[in-house]
Amino acid sequence: MSQETDVWITGVGAATPLGCTYETIADGLLAGRSGVRSVTNFNVAQHPSQIAAQIDEIPCPEGWTSEEFGRLEREEQMLLWCCATALRDAGWWGRREEIRLGLIVGSAAEWFLNWEMDAHRGGDLVCRPYPQTEPLIQVMRRKLGLSGPAISMSAACASGNYALALARRWLQLGWVDACLAGACDPSVTPMALAAFGNLRALSRRNSDPVAASRPFDRGRDGFVMGEGGVVFLLEPATTARKRRAPVYGAVAGCGASSDAYHLVIPSPDPEPATLAMTQALEDAGIAPADVDYSYSHGTSTPVGDVAESRVLQAVLGEAVRSVPVSSTKSMTGHLLSAAASMEALACLVALERQAVPPTINLDDPDPDCDLCHVPHQARPHRVRTAVSNSFGFGGSNTCLVLQAV
């Protein structure tokens, strides 16, 4: 990329099982702190998996009263907190109405969540053939007073990476002056827990929640559900320089592909996912040997972890033995539609703190996942370039390259 088209991340807003501020989350990731525990906010007695990584309370952003914030649906609260925090963090809050500020949100279960929550309150919205709720993206645009384009999109676990890639393109085309991009998913609900549990996709290590999510470990038995959201503020590097904005990193490269192999099972052929990763590296103008840290999608499923290991081995080549690889899903659980955004945040932490967050619970690495793992404890490491893989249900493969500025 030329300096004229560079896109930087200058603001972050997040609500995660490890906390709701960047500093708290960063500290938790590098400390190897787990947010997984037994589910207590609804009855899980009949569920095969009874654990998840949840958020106790979403903070009320400045500018709203606790009463009006409390009347919002949980997904609205989560996204509003993330967007408002990212704007304030980047220094755009007081000037947001002066610029063309775009909004791109990854979200897969908006209507499902509305219907489920309405049903729990005794409503019958699910039985009606037309929507009764204002779309989430429209709610956010109105509440935040945004003047630029706004869209919601869904690509399963890869949604956050697609949002960042699209925001970067909007900025390069000059469609917006700055853009909020990310994803949120508060899907730890009775229906979602039952659905993934019945698919046998979830860990059933109910007696030891903290040890349940164990990517690349020989004893892994499925992923752990998590909830949360992360939104980034992206703007042209030229703009950020002029106003001396704080910078987390540059969105240097993006790649995407689809294998369309199966609804929930990753393709045994690594080529489609390999293509996404190769595209991202080429877009960033770097070679595999230039990668300092590779964030793994690493869900803790027997099939998925092996499939991704083959992709990393194919793309990184000899460098696979020296490039640190980790998955923070071992701490946060799998944030589903918001997974890629959480992964990008972990990469920014690695860039800022010059340390690789660990994969906790990696006691006995699977020989079929032969990578340069970072087990149990964070590893101090020079990180200038980080890549983040997000491979979603339905074969949505994405890779993001983030670089220090």
# chains A, B, ... in the order shown; residues from 1 in each chain; ligands from 1
call {"tool": "residues_around", "arguments": {"residues": "Ser300 of chain A", "least_positions_apart": "3", "cutoff": "8 Å", "atoms": "only C-alpha atoms", "output": "list of chain:residue names"}}
result
A:Ser213, A:Arg214, A:Pro215, A:Phe216, A:Asp217, A:Arg220, A:Asp221, A:Gly222, A:Phe223, A:Gly304, A:Asp305, A:Lys329, A:Ser330
call {"tool": "select_by_dssp", "arguments": {"residues": "segment 305-401 of chain A", "states": "helix (DSSP H, G or I)", "output": "MDAnalysis selection string"}}
result
chainID A and resid 305:321 329:332 336:353
call {"tool": "closest_atom_pairs", "arguments": {"of": "segment 210-277 of chain A", "to": "segment 153-167 of chain A", "cutoff": "12 Å", "atoms": "only C-alpha atoms", "output": "CSV"}}
result
residue,atom,partner,partner_atom,distance
A:Gly228,CA,A:Gly160,CA,12.0
A:Gly229,CA,A:Gly160,CA,9.5
A:Val230,CA,A:Gly160,CA,8.4
A:Val231,CA,A:Gly160,CA,8.7
A:Phe232,CA,A:Leu164,CA,8.1
A:Leu233,CA,A:Ala167,CA,9.3
A:Leu234,CA,A:Ala167,CA,7.2
A:Glu235,CA,A:Ala167,CA,8.9
A:Pro236,CA,A:Ala167,CA,10.7
A:Ala250,CA,A:Leu164,CA,11.0
A:Val251,CA,A:Leu164,CA,7.9
A:Ala252,CA,A:Ala165,CA,9.7
A:Gly253,CA,A:Ala165,CA,8.2
A:Cys254,CA,A:Ala165,CA,6.0
A:Gly255,CA,A:Ala165,CA,8.3
A:Ala256,CA,A:Tyr162,CA,8.2
A:Ser257,CA,A:Ala158,CA,10.7
A:Ser258,CA,A:Ala155,CA,10.4
A:Leu263,CA,A:Ala156,CA,10.5
A:Val264,CA,A:Ala156,CA,10.2
A:Ala273,CA,A:Ala158,CA,11.8
A:Ala276,CA,A:Asn161,CA,11.5
call {"tool": "write_last_selection", "arguments": {"atoms": "N, CA and C atoms", "output": "PDB file, in the first residue's frame"}}
result
ATOM      1  N   GLY A 228     -19.934 -11.361  23.321  1.00  0.00           N
ATOM      2  CA  GLY A 228     -19.213 -10.100  23.375  1.00  0.00           C
ATOM      3  C   GLY A 228     -19.253  -9.361  22.063  1.00  0.00           C
ATOM      4  N   GLY A 229     -18.570  -8.243  22.046  1.00  0.00           N
ATOM      5  CA  GLY A 229     -18.492  -7.432  20.843  1.00  0.00           C
ATOM      6  C   GLY A 229     -17.245  -6.574  20.865  1.00  0.00           C
ATOM      7  N   VAL A 230     -16.720  -6.286  19.685  1.00  0.00           N
ATOM      8  CA  VAL A 230     -15.567  -5.393  19.536  1.00  0.00           C
ATOM      9  C   VAL A 230     -15.807  -4.541  18.300  1.00  0.00           C
ATOM     10  N   VAL A 231     -15.638  -3.231  18.447  1.00  0.00           N
ATOM     11  CA  VAL A 231     -15.784  -2.296  17.330  1.00  0.00           C
ATOM     12  C   VAL A 231     -14.535  -1.428  17.258  1.00  0.00           C
ATOM     13  N   PHE A 232     -14.042  -1.229  16.042  1.00  0.00           N
ATOM     14  CA  PHE A 232     -12.847  -0.424  15.808  1.00  0.00           C
ATOM     15  C   PHE A 232     -13.217   0.845  15.041  1.00  0.00           C
ATOM     16  N   LEU A 233     -12.461   1.902  15.271  1.00  0.00           N
ATOM     17  CA  LEU A 233     -12.602   3.122  14.478  1.00  0.00           C
ATOM     18  C   LEU A 233     -11.438   3.157  13.503  1.00  0.00           C
ATOM     19  N   LEU A 234     -11.750   3.132  12.212  1.00  0.00           N
ATOM     20  CA  LEU A 234     -10.746   3.162  11.165  1.00  0.00           C
ATOM     21  C   LEU A 234     -10.777   4.515  10.460  1.00  0.00           C
ATOM     22  N   GLU A 235      -9.610   5.004  10.087  1.00  0.00           N
ATOM     23  CA  GLU A 235      -9.540   6.256   9.340  1.00  0.00           C
ATOM     24  C   GLU A 235      -8.263   6.260   8.492  1.00  0.00           C
ATOM     25  N   PRO A 236      -8.206   7.109   7.473  1.00  0.00           N
ATOM     26  CA  PRO A 236      -6.994   7.190   6.664  1.00  0.00           C
ATOM     27  C   PRO A 236      -5.799   7.612   7.508  1.00  0.00           C
ATOM     28  N   ALA A 250      -2.137  -0.709  11.800  1.00  0.00           N
ATOM     29  CA  ALA A 250      -2.624  -0.522  10.434  1.00  0.00           C
ATOM     30  C   ALA A 250      -3.281  -1.792   9.927  1.00  0.00           C
ATOM     31  N   VAL A 251      -4.398  -1.634   9.218  1.00  0.00           N
ATOM     32  CA  VAL A 251      -5.015  -2.765   8.522  1.00  0.00           C
ATOM     33  C   VAL A 251      -4.270  -2.880   7.200  1.00  0.00           C
ATOM     34  N   ALA A 252      -3.279  -3.756   7.164  1.00  0.00           N
ATOM     35  CA  ALA A 252      -2.334  -3.805   6.045  1.00  0.00           C
ATOM     36  C   ALA A 252      -2.738  -4.758   4.940  1.00  0.00           C
ATOM     37  N   GLY A 253      -3.522  -5.784   5.247  1.00  0.00           N
ATOM     38  CA  GLY A 253      -3.886  -6.758   4.218  1.00  0.00           C
ATOM     39  C   GLY A 253      -5.115  -7.547   4.599  1.00  0.00           C
ATOM     40  N   CYS A 254      -5.880  -7.941   3.593  1.00  0.00           N
ATOM     41  CA  CYS A 254      -7.093  -8.738   3.810  1.00  0.00           C
ATOM     42  C   CYS A 254      -7.190  -9.794   2.720  1.00  0.00           C
ATOM     43  N   GLY A 255      -7.693 -10.950   3.081  1.00  0.00           N
ATOM     44  CA  GLY A 255      -7.931 -12.016   2.115  1.00  0.00           C
ATOM     45  C   GLY A 255      -9.163 -12.797   2.489  1.00  0.00           C
ATOM     46  N   ALA A 256      -9.865 -13.322   1.492  1.00  0.00           N
ATOM     47  CA  ALA A 256     -11.100 -14.072   1.763  1.00  0.00           C
ATOM     48  C   ALA A 256     -11.325 -15.113   0.681  1.00  0.00           C
ATOM     49  N   SER A 257     -11.967 -16.196   1.072  1.00  0.00           N
ATOM     50  CA  SER A 257     -12.350 -17.245   0.128  1.00  0.00           C
ATOM     51  C   SER A 257     -13.514 -18.024   0.725  1.00  0.00           C
ATOM     52  N   SER A 258     -14.088 -18.898  -0.069  1.00  0.00           N
ATOM     53  CA  SER A 258     -15.168 -19.759   0.412  1.00  0.00           C
ATOM     54  C   SER A 258     -14.954 -21.167  -0.114  1.00  0.00           C
ATOM     55  N   LEU A 263     -21.975 -27.092   6.023  1.00  0.00           N
ATOM     56  CA  LEU A 263     -22.547 -26.035   6.840  1.00  0.00           C
ATOM     57  C   LEU A 263     -21.720 -25.759   8.095  1.00  0.00           C
ATOM     58  N   VAL A 264     -21.219 -26.815   8.744  1.00  0.00           N
ATOM     59  CA  VAL A 264     -20.496 -26.613  10.004  1.00  0.00           C
ATOM     60  C   VAL A 264     -19.129 -27.298  10.061  1.00  0.00           C
ATOM     61  N   ALA A 273      -8.883 -22.199   2.259  1.00  0.00           N
ATOM     62  CA  ALA A 273      -8.466 -21.356   3.381  1.00  0.00           C
ATOM     63  C   ALA A 273      -7.034 -20.858   3.177  1.00  0.00           C
ATOM     64  N   ALA A 276      -7.115 -17.678   1.144  1.00  0.00           N
ATOM     65  CA  ALA A 276      -7.448 -16.466   1.897  1.00  0.00           C
ATOM     66  C   ALA A 276      -6.216 -15.910   2.596  1.00  0.00           C
TER      67      ALA A 276
END
call {"tool": "select_by_dssp", "arguments": {"residues": "segment 117-281 of chain A", "states": "strand (DSSP E or B)", "output": "ChimeraX atom specification"}}
result
/A:150-153,155,157,178-185,202,217,223,225-226,228-236,249-258
call {"tool": "closest_atom_pairs", "arguments": {"of": "segment 275-348 of chain A", "to": "segment 104-125 of chain A", "cutoff": "9 Å", "atoms": "only C-alpha atoms", "output": "CSV"}}
result
residue,atom,partner,partner_atom,distance
A:Leu336,CA,A:Ala108,CA,8.6
A:Ser337,CA,A:Ser107,CA,5.8
A:Ala338,CA,A:Gly106,CA,7.1
call {"tool": "closest_residue", "arguments": {"among": "A:Asp259, A:Ala53, A:Ser38, A:Arg96", "to": "Pro272 of chain A", "atoms": "only C-alpha atoms"}}
result
A:Asp259
call {"tool": "atom_distance", "arguments": {"atom1": "atom CA of Gln54 of chain A", "atom2": "atom CA of Asp366 of chain A"}}
result
27.9 Å
call {"tool": "atom_distance", "arguments": {"atom1": "atom CA of Asp6 of chain A", "atom2": "atom CA of Glu282 of chain A"}}
result
15.2 Å
call {"tool": "atom_distance", "arguments": {"atom1": "atom CA of Ser147 of chain A", "atom2": "atom CA of Arg169 of chain A"}}
result
17.9 Å
call {"tool": "closest_residue", "arguments": {"among": "A:Leu136, A:Ala340, A:Val315, A:Ala245", "to": "His297 of chain A", "atoms": "only C-alpha atoms"}}
result
A:Ala340
